[in-house]
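Take a look at the structure below.
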Amino acid sequence: SIVGRNQGPPSWYSNVTQHYDGSSWTNGGNYPTAGGYLINEGTQTAAVAAINGYYNGSSFLTPTASNEYDGSSWTSTGSIGTARYGAAGFGTQTAAMGVCGSIVPANSVVNSESYDGSSWTAGPNAVNERQRTTGTGIQTAGLVGSGYSNTPSPESDNYASAANIEEFDGSSFSNSGGSTHSSWQQGCFGTASSAIFFGGNTSSVFTTATAFDGTSSFTSPSMTVTRSGGGGGGTTTAGLAASGGAPNFTAPMVATEEWTGETTAARAVKTIDFD
């Protein structure tokens, strides 16, 4: 499922949830609130989503609410401890992580929180601060990569310092031997030992994809469609990229691409409504 993942202007924010069956999208139960920086973990029938930060046209708002999905509807669950936006998430409905992100107005952080199926608690700090980042894996073997930090100053957008991929083993974060292409609002899918990071933007939007094998990273075949802020799912033998933003944030992205393990292919799908 894809829900509220779009990271663009306020007019793009949505509470729509959609399910993908391998060829087309159908609507599921709407998320309680519209937003653009939602993290979500789990499966189509058992997911948790939180850290739903969004921009209201003049400032960022960072609700602490989180919700669980059962395949048809969302219900409220325990709130996160630290309000933020642009975080990474990985795990399952009963064992998830929310990592890094930005605390208003624009300070990137290293904080993490873990979810046990009912409540969020403070976890270990990541090695590097980063926001508008992405992650994949499970609570005992996860990855975080891409984004940017506000070091050395709150006004700086340091992409290089956030390009490194961090690994989480269930108790601590450590730098891996790999890094993504330097950009923010990337998507990703896979596991801690086999993942793909894709898309993103700095001053332009990318088709670039980076593969990570658990030890090192290497250039992967480029995407067919440029996208920023898209959602990802699946594995490195059957992956998916959907939603996001078109170049220069001219329109929300509606194209879906499937990753087969060798190449990416654009597939025409039902329009995803982010209005």
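Ligands are numbered from 1 in the order shown, chains are lettered A, B, ... in the order of the structure tokens, and residues start at 1 in each chain.
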12 Å contact set for region 239-241 of chain A, only C-alpha atoms, chain neighbours under 2 positions out, as a PDB file with C-alpha atoms, in the first residue's frame:
ATOM      1  CA  SER A   1       0.000   0.000   0.000  1.00  0.00           C
ATOM      2  CA  ILE A   2       0.992   3.625  -0.546  1.00  0.00           C
ATOM      3  CA  ARG A   5       4.021   9.643   1.006  1.00  0.00           C
ATOM      4  CA  TYR A  20      -1.343  -2.496  -5.727  1.00  0.00           C
ATOM      5  CA  ASP A  21      -2.090  -6.003  -7.038  1.00  0.00           C
ATOM      6  CA  GLY A  22       0.744  -6.290  -9.550  1.00  0.00           C
ATOM      7  CA  SER A  23      -1.076  -4.538 -12.367  1.00  0.00           C
ATOM      8  CA  GLN A 186      14.758   9.355  -2.200  1.00  0.00           C
ATOM      9  CA  GLY A 187      12.690   6.186  -2.003  1.00  0.00           C
ATOM     10  CA  CYS A 188      13.953   2.681  -1.301  1.00  0.00           C
ATOM     11  CA  PHE A 189      12.954  -0.966  -0.998  1.00  0.00           C
ATOM     12  CA  GLY A 190      14.559  -4.248  -0.043  1.00  0.00           C
ATOM     13  CA  THR A 191      16.328  -5.606   3.037  1.00  0.00           C
ATOM     14  CA  SER A 194      19.963  -6.193  -0.474  1.00  0.00           C
ATOM     15  CA  ALA A 195      18.367  -2.806  -1.136  1.00  0.00           C
ATOM     16  CA  ILE A 196      17.738  -0.220  -3.860  1.00  0.00           C
ATOM     17  CA  PHE A 197      17.686   3.544  -3.229  1.00  0.00           C
ATOM     18  CA  PHE A 198      16.102   5.561  -6.033  1.00  0.00           C
ATOM     19  CA  GLY A 199      15.166   9.014  -7.283  1.00  0.00           C
ATOM     20  CA  GLY A 200      15.413  12.110  -5.116  1.00  0.00           C
ATOM     21  CA  THR A 207      16.390   8.889 -12.237  1.00  0.00           C
ATOM     22  CA  ALA A 209      19.332   4.325  -8.483  1.00  0.00           C
ATOM     23  CA  MET A 223      14.717   4.591 -13.471  1.00  0.00           C
ATOM     24  CA  THR A 224      12.558   5.284 -16.487  1.00  0.00           C
ATOM     25  CA  VAL A 225      10.831   8.252 -14.818  1.00  0.00           C
ATOM     26  CA  THR A 226      12.369  11.052 -12.768  1.00  0.00           C
ATOM     27  CA  ARG A 227      10.747  11.243  -9.342  1.00  0.00           C
ATOM     28  CA  SER A 228      11.294  12.743  -5.916  1.00  0.00           C
ATOM     29  CA  GLY A 229       9.608  11.749  -2.671  1.00  0.00           C
ATOM     30  CA  GLY A 230       8.228   8.485  -4.029  1.00  0.00           C
ATOM     31  CA  GLY A 231       7.301   5.431  -2.024  1.00  0.00           C
ATOM     32  CA  GLY A 232       8.935   2.044  -2.473  1.00  0.00           C
ATOM     33  CA  GLY A 233       8.096  -1.539  -1.617  1.00  0.00           C
ATOM     34  CA  GLY A 234       9.108  -5.108  -2.283  1.00  0.00           C
ATOM     35  CA  THR A 235      12.499  -6.742  -2.760  1.00  0.00           C
ATOM     36  CA  THR A 236      15.464  -6.400  -5.102  1.00  0.00           C
ATOM     37  CA  THR A 237      14.007  -9.136  -7.298  1.00  0.00           C
ATOM     38  CA  SER A 243       3.985   8.410  -6.406  1.00  0.00           C
ATOM     39  CA  GLY A 244       6.323  11.298  -5.655  1.00  0.00           C
ATOM     40  CA  GLY A 245       6.878  14.518  -7.538  1.00  0.00           C
ATOM     41  CA  MET A 253       3.772  11.809  -9.898  1.00  0.00           C
ATOM     42  CA  VAL A 254       1.244   9.169 -10.985  1.00  0.00           C
ATOM     43  CA  ALA A 255       3.539   6.687 -12.777  1.00  0.00           C
ATOM     44  CA  THR A 256       4.479   3.363 -11.190  1.00  0.00           C
ATOM     45  CA  GLU A 257       7.692   1.513 -12.005  1.00  0.00           C
ATOM     46  CA  GLU A 258       8.504  -2.111 -11.286  1.00  0.00           C
ATOM     47  CA  TRP A 259      12.013  -3.354 -10.574  1.00  0.00           C
ATOM     48  CA  THR A 260      12.698  -6.858 -11.875  1.00  0.00           C
ATOM     49  CA  GLY A 261      16.250  -7.288 -10.628  1.00  0.00           C
ATOM     50  CA  GLU A 262      17.760  -6.314 -13.969  1.00  0.00           C
ATOM     51  CA  THR A 263      16.006  -3.161 -15.133  1.00  0.00           C
ATOM     52  CA  THR A 264      13.167  -0.785 -14.410  1.00  0.00           C
ATOM     53  CA  ALA A 265      10.055  -0.525 -16.557  1.00  0.00           C
ATOM     54  CA  ALA A 266       7.386   2.174 -16.525  1.00  0.00           C
ATOM     55  CA  ARG A 267       3.874   0.805 -16.247  1.00  0.00           C
TER      56      ARG A 267
END
(request) List the neighbours of Asp169 (chain A) out to 10 Å using only C-alpha atoms; skip same-chain residues closer than 3 positions along the sequence, and give me the result as a list in words. (result)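 Here the qualifying residues turn out to be Ile138, Gln139, Thr140, Ala141, Gly142, Leu143, Ser172, Phe173, Ser174 and Ala192 of chain A.
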(message) Quick one: residues within 6 Å of region 61-68 of chain A, only C-alpha atoms, excluding same-chain residues fewer than 6 positions away - as a ChimeraX atom specification?
(response) /A:47-50,53-54,74-77,79-80,83-84
(message) List as a list in words the protein and nucleic acid residues near Tyr159 (chain A), meaning an atom at most 12 Å away when only C-alpha atoms are counted, but skip any in the same chain fewer than 6 places from it.
(response)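 Within the cut-off, the hits are Ser108, Asn128, Glu129, Arg130, Gln131, Arg132, Thr133, Gly145, Ser146, Gly147, Tyr148, Ser149, Asn150, Thr151, Pro152, Ser179, Thr180, His181, Ser182, Ser183, Trp184, Gln185, Gln186, Gly200, Asn201, Thr202 and Ser203 of chain A.
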Which residues are near Ser216 (chain A)? Cut-off 6 Å, only C-alpha atoms, ignore same chain within fewer than 4 positions. Put them as a PDB file with all heavy atoms, in the first residue's frame.
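Just written: part_39.pdb:
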ATOM      1  N   GLY A 177      29.646   0.286   4.676  1.00  0.00           N
ATOM      2  CA  GLY A 177      30.658   0.618   3.677  1.00  0.00           C
ATOM      3  C   GLY A 177      30.070   1.216   2.425  1.00  0.00           C
ATOM      4  O   GLY A 177      30.786   1.396   1.432  1.00  0.00           O
ATOM      5  N   GLY A 178      28.765   1.556   2.450  1.00  0.00           N
ATOM      6  CA  GLY A 178      28.110   2.045   1.243  1.00  0.00           C
ATOM      7  C   GLY A 178      27.534   3.431   1.398  1.00  0.00           C
ATOM      8  O   GLY A 178      27.409   3.964   2.507  1.00  0.00           O
ATOM      9  N   PHE A 212      22.621  -1.606  -2.766  1.00  0.00           N
ATOM     10  CA  PHE A 212      23.433  -1.883  -1.581  1.00  0.00           C
ATOM     11  C   PHE A 212      23.318  -3.364  -1.261  1.00  0.00           C
ATOM     12  O   PHE A 212      22.205  -3.905  -1.207  1.00  0.00           O
ATOM     13  CB  PHE A 212      22.951  -1.048  -0.396  1.00  0.00           C
ATOM     14  CG  PHE A 212      23.722  -1.272   0.874  1.00  0.00           C
ATOM     15  CD1 PHE A 212      25.033  -0.841   0.988  1.00  0.00           C
ATOM     16  CD2 PHE A 212      23.130  -1.915   1.951  1.00  0.00           C
ATOM     17  CE1 PHE A 212      25.748  -1.046   2.160  1.00  0.00           C
ATOM     18  CE2 PHE A 212      23.833  -2.121   3.126  1.00  0.00           C
ATOM     19  CZ  PHE A 212      25.147  -1.686   3.235  1.00  0.00           C
TER      20      PHE A 212
END
(request) Quote the spacing between CA of Gly91 (chain A) and CA of Ala122 (chain A) in Å to one decimal place. (result) 15.6 Å
If you run DSSP on this backbone, which residues of region 23-130 of chain A come out as strand (DSSP E or B), and could you give them as a short mmCIF file (atom, residue, chain, number, x, y, z; two decimals) with all heavy atoms, in the first residue's frame?
data_model
loop_
_atom_site.label_atom_id
_atom_site.label_comp_id
_atom_site.auth_asym_id
_atom_site.auth_seq_id
_atom_site.Cartn_x
_atom_site.Cartn_y
_atom_site.Cartn_z
N TRP A 25 -4.02 -0.22 -9.34
CA TRP A 25 -4.23 0.32 -8.01
C TRP A 25 -5.72 0.42 -7.69
O TRP A 25 -6.52 0.76 -8.56
CB TRP A 25 -3.62 1.73 -7.91
CG TRP A 25 -2.13 1.76 -8.00
CD1 TRP A 25 -1.38 1.89 -9.13
CD2 TRP A 25 -1.22 1.68 -6.92
NE1 TRP A 25 -0.05 1.88 -8.82
CE2 TRP A 25 0.10 1.75 -7.47
CE3 TRP A 25 -1.35 1.54 -5.53
CZ2 TRP A 25 1.23 1.70 -6.68
CZ3 TRP A 25 -0.21 1.49 -4.75
CH2 TRP A 25 1.06 1.57 -5.32
N THR A 26 -6.08 0.16 -6.43
CA THR A 26 -7.45 0.36 -5.96
C THR A 26 -7.39 1.09 -4.62
O THR A 26 -6.42 0.98 -3.87
CB THR A 26 -8.20 -0.97 -5.78
OG1 THR A 26 -7.44 -1.82 -4.89
CG2 THR A 26 -8.39 -1.67 -7.11
N ASN A 27 -8.45 1.83 -4.31
CA ASN A 27 -8.48 2.59 -3.07
C ASN A 27 -8.72 1.70 -1.86
O ASN A 27 -9.53 0.77 -1.91
CB ASN A 27 -9.59 3.65 -3.12
CG ASN A 27 -9.24 4.81 -4.03
OD1 ASN A 27 -8.07 5.09 -4.26
ND2 ASN A 27 -10.25 5.48 -4.54
N GLY A 35 -1.30 14.53 4.63
CA GLY A 35 0.06 14.98 4.92
C GLY A 35 1.00 14.59 3.81
O GLY A 35 0.59 14.00 2.81
N ILE A 39 5.81 8.33 7.40
CA ILE A 39 6.54 7.07 7.31
C ILE A 39 5.55 5.94 7.57
O ILE A 39 4.61 6.09 8.36
CB ILE A 39 7.71 6.97 8.31
CG1 ILE A 39 7.22 6.98 9.77
CG2 ILE A 39 8.72 8.08 8.06
CD1 ILE A 39 8.29 6.56 10.76
N ASN A 40 5.71 4.83 6.86
CA ASN A 40 4.83 3.69 7.11
C ASN A 40 5.61 2.40 6.95
O ASN A 40 6.49 2.29 6.10
CB ASN A 40 3.60 3.72 6.20
CG ASN A 40 3.92 3.96 4.75
OD1 ASN A 40 4.18 3.02 4.01
ND2 ASN A 40 3.90 5.21 4.34
N GLU A 41 5.31 1.46 7.83
CA GLU A 41 6.01 0.17 7.84
C GLU A 41 4.99 -0.95 7.93
O GLU A 41 3.89 -0.77 8.46
CB GLU A 41 6.96 0.07 9.05
CG GLU A 41 8.02 1.13 9.11
CD GLU A 41 7.58 2.34 9.90
OE1 GLU A 41 6.72 2.20 10.78
OE2 GLU A 41 8.10 3.43 9.62
N GLY A 42 5.39 -2.11 7.42
CA GLY A 42 4.53 -3.28 7.50
C GLY A 42 4.07 -3.74 6.14
O GLY A 42 4.71 -3.49 5.12
N THR A 43 2.93 -4.39 6.12
CA THR A 43 2.37 -4.97 4.90
C THR A 43 1.02 -4.34 4.59
O THR A 43 0.50 -3.52 5.36
CB THR A 43 2.19 -6.48 5.05
OG1 THR A 43 1.16 -6.74 6.03
CG2 THR A 43 3.48 -7.16 5.48
N ALA A 46 -1.28 -5.23 7.45
CA ALA A 46 -0.83 -4.98 8.82
C ALA A 46 0.30 -3.96 8.80
O ALA A 46 1.47 -4.31 8.72
CB ALA A 46 -0.36 -6.28 9.48
N ALA A 47 -0.08 -2.67 8.88
CA ALA A 47 0.90 -1.60 8.77
C ALA A 47 0.73 -0.60 9.91
O ALA A 47 -0.32 -0.53 10.55
CB ALA A 47 0.76 -0.88 7.43
N VAL A 48 1.78 0.19 10.15
CA VAL A 48 1.71 1.30 11.08
C VAL A 48 2.31 2.52 10.40
O VAL A 48 3.27 2.40 9.62
CB VAL A 48 2.45 0.99 12.41
CG1 VAL A 48 3.93 0.72 12.18
CG2 VAL A 48 2.25 2.12 13.43
N ALA A 49 1.73 3.70 10.64
CA ALA A 49 2.21 4.93 10.01
C ALA A 49 2.25 6.04 11.06
O ALA A 49 1.40 6.11 11.96
CB ALA A 49 1.30 5.33 8.86
N ALA A 50 3.25 6.92 10.94
CA ALA A 50 3.41 8.00 11.90
C ALA A 50 4.29 9.10 11.31
O ALA A 50 4.70 9.03 10.16
CB ALA A 50 4.02 7.46 13.21
N TYR A 54 3.81 18.06 7.84
CA TYR A 54 3.38 18.69 6.60
C TYR A 54 3.51 20.20 6.70
O TYR A 54 3.59 20.78 7.78
CB TYR A 54 1.94 18.30 6.25
CG TYR A 54 0.90 18.74 7.27
CD1 TYR A 54 0.20 19.92 7.12
CD2 TYR A 54 0.62 17.94 8.38
CE1 TYR A 54 -0.75 20.31 8.05
CE2 TYR A 54 -0.33 18.32 9.31
CZ TYR A 54 -1.01 19.50 9.14
OH TYR A 54 -1.94 19.89 10.06
N TYR A 55 3.55 20.83 5.53
CA TYR A 55 3.68 22.28 5.42
C TYR A 55 2.32 22.87 5.11
O TYR A 55 1.64 22.43 4.18
CB TYR A 55 4.67 22.60 4.29
CG TYR A 55 5.03 24.06 4.16
CD1 TYR A 55 5.77 24.70 5.15
CD2 TYR A 55 4.64 24.78 3.04
CE1 TYR A 55 6.11 26.04 5.01
CE2 TYR A 55 4.99 26.12 2.90
CZ TYR A 55 5.72 26.74 3.89
OH TYR A 55 6.06 28.05 3.75
N PHE A 60 5.87 24.46 8.97
CA PHE A 60 5.71 23.02 9.08
C PHE A 60 4.96 22.67 10.36
O PHE A 60 5.23 23.22 11.43
CB PHE A 60 7.07 22.32 9.08
CG PHE A 60 7.54 21.96 7.71
CD1 PHE A 60 8.51 22.73 7.08
CD2 PHE A 60 7.02 20.87 7.03
CE1 PHE A 60 8.95 22.42 5.81
CE2 PHE A 60 7.45 20.55 5.76
CZ PHE A 60 8.43 21.32 5.14
N LEU A 61 4.01 21.75 10.24
CA LEU A 61 3.29 21.21 11.38
C LEU A 61 3.70 19.76 11.57
O LEU A 61 3.88 19.03 10.60
CB LEU A 61 1.78 21.32 11.15
CG LEU A 61 1.24 22.72 10.86
CD1 LEU A 61 -0.26 22.68 10.64
CD2 LEU A 61 1.59 23.70 11.98
N SER A 66 -0.04 8.46 15.57
CA SER A 66 0.27 7.33 14.69
C SER A 66 -0.96 6.45 14.59
O SER A 66 -1.85 6.48 15.46
CB SER A 66 1.48 6.53 15.18
OG SER A 66 1.21 5.87 16.39
N ASN A 67 -1.04 5.67 13.51
CA ASN A 67 -2.22 4.86 13.24
C ASN A 67 -1.82 3.51 12.65
O ASN A 67 -0.78 3.40 11.98
CB ASN A 67 -3.13 5.58 12.25
CG ASN A 67 -3.73 6.85 12.81
OD1 ASN A 67 -4.79 6.82 13.44
ND2 ASN A 67 -3.06 7.98 12.62
N GLU A 68 -2.65 2.50 12.90
CA GLU A 68 -2.42 1.17 12.35
C GLU A 68 -3.45 0.86 11.26
O GLU A 68 -4.60 1.33 11.33
CB GLU A 68 -2.48 0.11 13.45
CG GLU A 68 -1.33 0.18 14.43
CD GLU A 68 -1.33 -0.98 15.41
OE1 GLU A 68 -2.37 -1.68 15.52
OE2 GLU A 68 -0.29 -1.21 16.06
N TYR A 69 -3.03 0.04 10.29
CA TYR A 69 -3.89 -0.32 9.15
C TYR A 69 -4.09 -1.83 9.12
O TYR A 69 -3.14 -2.60 9.31
CB TYR A 69 -3.24 0.14 7.86
CG TYR A 69 -4.12 0.08 6.63
CD1 TYR A 69 -5.28 0.83 6.56
CD2 TYR A 69 -3.78 -0.73 5.54
CE1 TYR A 69 -6.09 0.79 5.43
CE2 TYR A 69 -4.58 -0.76 4.40
CZ TYR A 69 -5.74 0.00 4.35
OH TYR A 69 -6.53 -0.04 3.23
N TRP A 74 -7.94 2.51 9.08
CA TRP A 74 -6.91 2.96 10.01
C TRP A 74 -7.51 3.21 11.38
O TRP A 74 -8.62 3.74 11.49
CB TRP A 74 -6.28 4.25 9.50
CG TRP A 74 -5.50 4.11 8.23
CD1 TRP A 74 -5.97 4.22 6.95
CD2 TRP A 74 -4.11 3.82 8.12
NE1 TRP A 74 -4.96 4.03 6.05
CE2 TRP A 74 -3.80 3.78 6.73
CE3 TRP A 74 -3.09 3.59 9.04
CZ2 TRP A 74 -2.52 3.52 6.25
CZ3 TRP A 74 -1.81 3.34 8.58
CH2 TRP A 74 -1.53 3.30 7.21
N THR A 75 -6.78 2.86 12.43
CA THR A 75 -7.21 3.14 13.80
C THR A 75 -6.05 3.75 14.57
O THR A 75 -4.88 3.41 14.35
CB THR A 75 -7.68 1.87 14.52
OG1 THR A 75 -6.64 0.88 14.48
CG2 THR A 75 -8.93 1.30 13.86
N SER A 76 -6.37 4.62 15.50
CA SER A 76 -5.35 5.33 16.28
C SER A 76 -4.61 4.39 17.21
O SER A 76 -5.18 3.45 17.78
CB SER A 76 -6.02 6.44 17.08
OG SER A 76 -5.08 7.11 17.89
N THR A 77 -3.32 4.65 17.37
CA THR A 77 -2.50 3.89 18.31
C THR A 77 -1.59 4.88 19.05
O THR A 77 -1.85 6.08 19.04
CB THR A 77 -1.69 2.80 17.58
OG1 THR A 77 -0.99 2.00 18.54
CG2 THR A 77 -0.71 3.39 16.59
N TYR A 85 9.38 15.80 11.13
CA TYR A 85 8.96 15.44 9.78
C TYR A 85 10.19 15.00 8.99
O TYR A 85 11.33 15.25 9.39
CB TYR A 85 8.26 16.61 9.08
CG TYR A 85 9.14 17.80 8.78
CD1 TYR A 85 9.78 17.93 7.55
CD2 TYR A 85 9.32 18.81 9.72
CE1 TYR A 85 10.59 19.01 7.28
CE2 TYR A 85 10.13 19.90 9.45
CZ TYR A 85 10.76 20.01 8.23
OH TYR A 85 11.56 21.08 7.96
N ALA A 88 12.95 8.64 8.47
CA ALA A 88 12.98 7.33 7.81
C ALA A 88 12.26 6.33 8.69
O ALA A 88 12.23 6.46 9.92
CB ALA A 88 14.42 6.87 7.58
N GLY A 89 11.67 5.32 8.05
CA GLY A 89 10.99 4.28 8.80
C GLY A 89 11.29 2.91 8.24
O GLY A 89 11.54 2.76 7.04
N PHE A 90 11.32 1.90 9.10
CA PHE A 90 11.44 0.51 8.65
C PHE A 90 10.88 -0.40 9.73
O PHE A 90 10.75 -0.01 10.89
CB PHE A 90 12.88 0.14 8.29
CG PHE A 90 13.91 0.40 9.36
CD1 PHE A 90 14.14 -0.50 10.39
CD2 PHE A 90 14.67 1.56 9.33
CE1 PHE A 90 15.10 -0.27 11.37
CE2 PHE A 90 15.63 1.81 10.29
CZ PHE A 90 15.85 0.90 11.32
N GLY A 91 10.53 -1.63 9.34
CA GLY A 91 10.02 -2.60 10.30
C GLY A 91 8.64 -3.12 9.94
O GLY A 91 8.23 -3.09 8.78
N ALA A 96 8.66 -1.68 14.77
CA ALA A 96 9.04 -0.68 13.77
C ALA A 96 10.00 0.34 14.36
O ALA A 96 10.13 0.48 15.58
CB ALA A 96 7.80 0.01 13.22
N MET A 97 10.66 1.10 13.47
CA MET A 97 11.55 2.18 13.85
C MET A 97 11.21 3.44 13.07
O MET A 97 10.88 3.39 11.88
CB MET A 97 13.01 1.81 13.57
CG MET A 97 13.55 0.64 14.36
SD MET A 97 13.71 0.96 16.14
CE MET A 97 14.96 2.26 16.14
N GLY A 98 11.31 4.60 13.73
CA GLY A 98 11.29 5.91 13.10
C GLY A 98 12.62 6.57 13.41
O GLY A 98 13.00 6.67 14.60
N VAL A 99 13.34 7.03 12.40
CA VAL A 99 14.73 7.45 12.59
C VAL A 99 14.98 8.83 11.97
O VAL A 99 14.57 9.11 10.84
CB VAL A 99 15.70 6.43 11.95
CG1 VAL A 99 17.15 6.80 12.26
CG2 VAL A 99 15.40 5.03 12.43
N SER A 102 13.49 15.99 10.95
CA SER A 102 13.72 17.40 11.26
C SER A 102 12.72 17.88 12.29
O SER A 102 11.53 17.61 12.20
CB SER A 102 13.59 18.24 9.99
OG SER A 102 13.78 19.62 10.28
N ILE A 103 13.22 18.61 13.28
CA ILE A 103 12.38 19.26 14.27
C ILE A 103 12.20 20.71 13.83
O ILE A 103 13.18 21.39 13.51
CB ILE A 103 12.99 19.17 15.67
CG1 ILE A 103 13.06 17.70 16.11
CG2 ILE A 103 12.20 19.99 16.67
CD1 ILE A 103 13.74 17.48 17.44
N ASN A 107 15.78 21.84 11.93
CA ASN A 107 16.96 21.22 12.52
C ASN A 107 16.95 19.70 12.36
O ASN A 107 16.11 19.01 12.93
CB ASN A 107 17.03 21.57 14.01
CG ASN A 107 17.16 23.07 14.24
OD1 ASN A 107 17.90 23.74 13.54
ND2 ASN A 107 16.43 23.59 15.21
N SER A 108 17.86 19.17 11.57
CA SER A 108 17.95 17.72 11.39
C SER A 108 18.49 17.09 12.67
O SER A 108 19.32 17.67 13.37
CB SER A 108 18.84 17.38 10.19
OG SER A 108 20.07 18.07 10.25
N VAL A 109 18.01 15.87 12.96
CA VAL A 109 18.30 15.23 14.25
C VAL A 109 18.78 13.79 14.05
O VAL A 109 18.67 13.23 12.96
CB VAL A 109 17.07 15.25 15.17
CG1 VAL A 109 16.67 16.67 15.51
CG2 VAL A 109 15.90 14.51 14.53
N SER A 112 15.95 8.43 17.35
CA SER A 112 15.14 7.33 16.83
C SER A 112 14.11 6.93 17.87
O SER A 112 14.27 7.21 19.07
CB SER A 112 15.99 6.12 16.44
OG SER A 112 16.33 5.34 17.57
N GLU A 113 13.04 6.30 17.41
CA GLU A 113 12.03 5.74 18.30
C GLU A 113 11.64 4.37 17.78
O GLU A 113 11.62 4.13 16.57
CB GLU A 113 10.80 6.65 18.37
CG GLU A 113 11.07 7.99 19.01
CD GLU A 113 9.81 8.82 19.19
OE1 GLU A 113 8.80 8.28 19.71
OE2 GLU A 113 9.82 10.01 18.82
N SER A 114 11.31 3.47 18.71
CA SER A 114 10.88 2.12 18.34
C SER A 114 9.42 1.93 18.71
O SER A 114 8.92 2.52 19.68
CB SER A 114 11.74 1.06 19.03
OG SER A 114 11.60 1.14 20.43
N TYR A 115 8.74 1.10 17.92
CA TYR A 115 7.31 0.83 18.13
C TYR A 115 7.12 -0.66 18.37
O TYR A 115 7.68 -1.50 17.66
CB TYR A 115 6.52 1.26 16.89
CG TYR A 115 5.03 1.08 17.01
CD1 TYR A 115 4.28 1.86 17.88
CD2 TYR A 115 4.36 0.14 16.23
CE1 TYR A 115 2.90 1.71 17.98
CE2 TYR A 115 2.99 -0.01 16.31
CZ TYR A 115 2.26 0.76 17.20
OH TYR A 115 0.91 0.61 17.29
N TRP A 120 5.31 3.95 21.32
CA TRP A 120 6.64 4.35 20.85
C TRP A 120 7.53 4.71 22.03
O TRP A 120 7.08 5.35 22.99
CB TRP A 120 6.53 5.58 19.93
CG TRP A 120 5.82 5.33 18.64
CD1 TRP A 120 4.47 5.39 18.41
CD2 TRP A 120 6.42 4.99 17.39
NE1 TRP A 120 4.19 5.11 17.09
CE2 TRP A 120 5.37 4.86 16.44
CE3 TRP A 120 7.74 4.78 16.97
CZ2 TRP A 120 5.60 4.54 15.11
CZ3 TRP A 120 7.97 4.47 15.65
CH2 TRP A 120 6.93 4.34 14.72
N THR A 121 8.79 4.29 21.99
CA THR A 121 9.75 4.63 23.03
C THR A 121 11.05 5.09 22.39
O THR A 121 11.39 4.69 21.27
CB THR A 121 10.05 3.44 23.96
OG1 THR A 121 10.53 2.34 23.17
CG2 THR A 121 8.81 3.00 24.71
N ALA A 122 11.79 5.93 23.11
CA ALA A 122 13.05 6.45 22.59
C ALA A 122 14.04 5.32 22.34
O ALA A 122 14.17 4.40 23.16
CB ALA A 122 13.65 7.45 23.57
N ARG A 130 20.17 13.58 9.81
CA ARG A 130 19.66 13.68 8.44
C ARG A 130 18.15 13.88 8.47
O ARG A 130 17.49 13.47 9.41
CB ARG A 130 20.02 12.44 7.62
CG ARG A 130 19.40 11.16 8.12
CD ARG A 130 19.85 9.97 7.28
NE ARG A 130 21.11 9.43 7.72
CZ ARG A 130 22.04 8.93 6.91
NH1 ARG A 130 21.86 8.96 5.60
NH2 ARG A 130 23.17 8.43 7.38
#
(request) Measuring atom to atom with only C-alpha atoms, identify which of A:Thr17, A:Ser222, A:Thr82, A:Asn30 is nearest to Gly101 (chain A). (result)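 Once distances to Gly101 (chain A) are computed over only C-alpha atoms, the minimum belongs to A:Thr82.
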(message) To one decimal place in Å, what is the distance between CA of Ala126 (chain A) and CA of Ala163 (chain A)?
(response) 13.5 Å
(request) For Ser72 (chain A), work out the shell of residues within 7 Å, counting only C-alpha atoms and skipping chain neighbours fewer than 2 positions away, then give it as number ranges by chain. (result) A: 28-29, 69-70
(message) Report, in Å with one decimal, the straight-line distance from CA of Trp12 (chain A) to CA of Pro252 (chain A).
(response) 6.5 Å
(message) For the structure I just gave you, how does DSSP split region 4-214 of chain A - specifically, which residues are helix (DSSP H, G or I)? Reply as a PyMOL selection string.
(response) chain A and resi 10-12+160-162
Atoms to include: N, CA, C and O atoms. Write the selected residues as a PDB file, in the first residue's frame.
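Once written, selection-v7.pdb looks like this:
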ATOM      1  N   PRO A  10       1.706  21.928  -0.470  1.00  0.00           N
ATOM      2  CA  PRO A  10       0.518  21.536   0.298  1.00  0.00           C
ATOM      3  C   PRO A  10      -0.646  21.052  -0.546  1.00  0.00           C
ATOM      4  O   PRO A  10      -1.426  20.208  -0.096  1.00  0.00           O
ATOM      5  N   SER A  11      -0.788  21.573  -1.758  1.00  0.00           N
ATOM      6  CA  SER A  11      -1.909  21.168  -2.606  1.00  0.00           C
ATOM      7  C   SER A  11      -1.826  19.698  -3.016  1.00  0.00           C
ATOM      8  O   SER A  11      -2.807  19.119  -3.470  1.00  0.00           O
ATOM      9  N   TRP A  12      -0.645  19.083  -2.844  1.00  0.00           N
ATOM     10  CA  TRP A  12      -0.474  17.672  -3.198  1.00  0.00           C
ATOM     11  C   TRP A  12      -0.820  16.728  -2.054  1.00  0.00           C
ATOM     12  O   TRP A  12      -0.947  15.533  -2.256  1.00  0.00           O
ATOM     13  N   ALA A 160      26.121  15.556   1.153  1.00  0.00           N
ATOM     14  CA  ALA A 160      27.205  14.572   1.222  1.00  0.00           C
ATOM     15  C   ALA A 160      27.274  13.892   2.583  1.00  0.00           C
ATOM     16  O   ALA A 160      27.520  12.683   2.676  1.00  0.00           O
ATOM     17  N   SER A 161      27.024  14.634   3.663  1.00  0.00           N
ATOM     18  CA  SER A 161      27.137  14.057   5.001  1.00  0.00           C
ATOM     19  C   SER A 161      26.034  13.054   5.297  1.00  0.00           C
ATOM     20  O   SER A 161      26.145  12.251   6.215  1.00  0.00           O
ATOM     21  N   ALA A 162      24.935  13.106   4.533  1.00  0.00           N
ATOM     22  CA  ALA A 162      23.819  12.187   4.753  1.00  0.00           C
ATOM     23  C   ALA A 162      23.752  11.081   3.705  1.00  0.00           C
ATOM     24  O   ALA A 162      22.857  10.248   3.752  1.00  0.00           O
TER      25      ALA A 162
END
(request) Determine the nearest neighbour of Gly135 (chain A) from the options A:Ser58, A:Gln18, A:Ala87, A:Gly78, counting only C-alpha atoms. (result) A:Ala87
(message) Ranking A:Asn158, A:Thr210, A:Gln93, A:Asn15 by minimum distance to Gln44 (chain A) and counting only C-alpha atoms, which one comes first?
(response)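 So, comparing all the options, the nearest one is A:Gln93.
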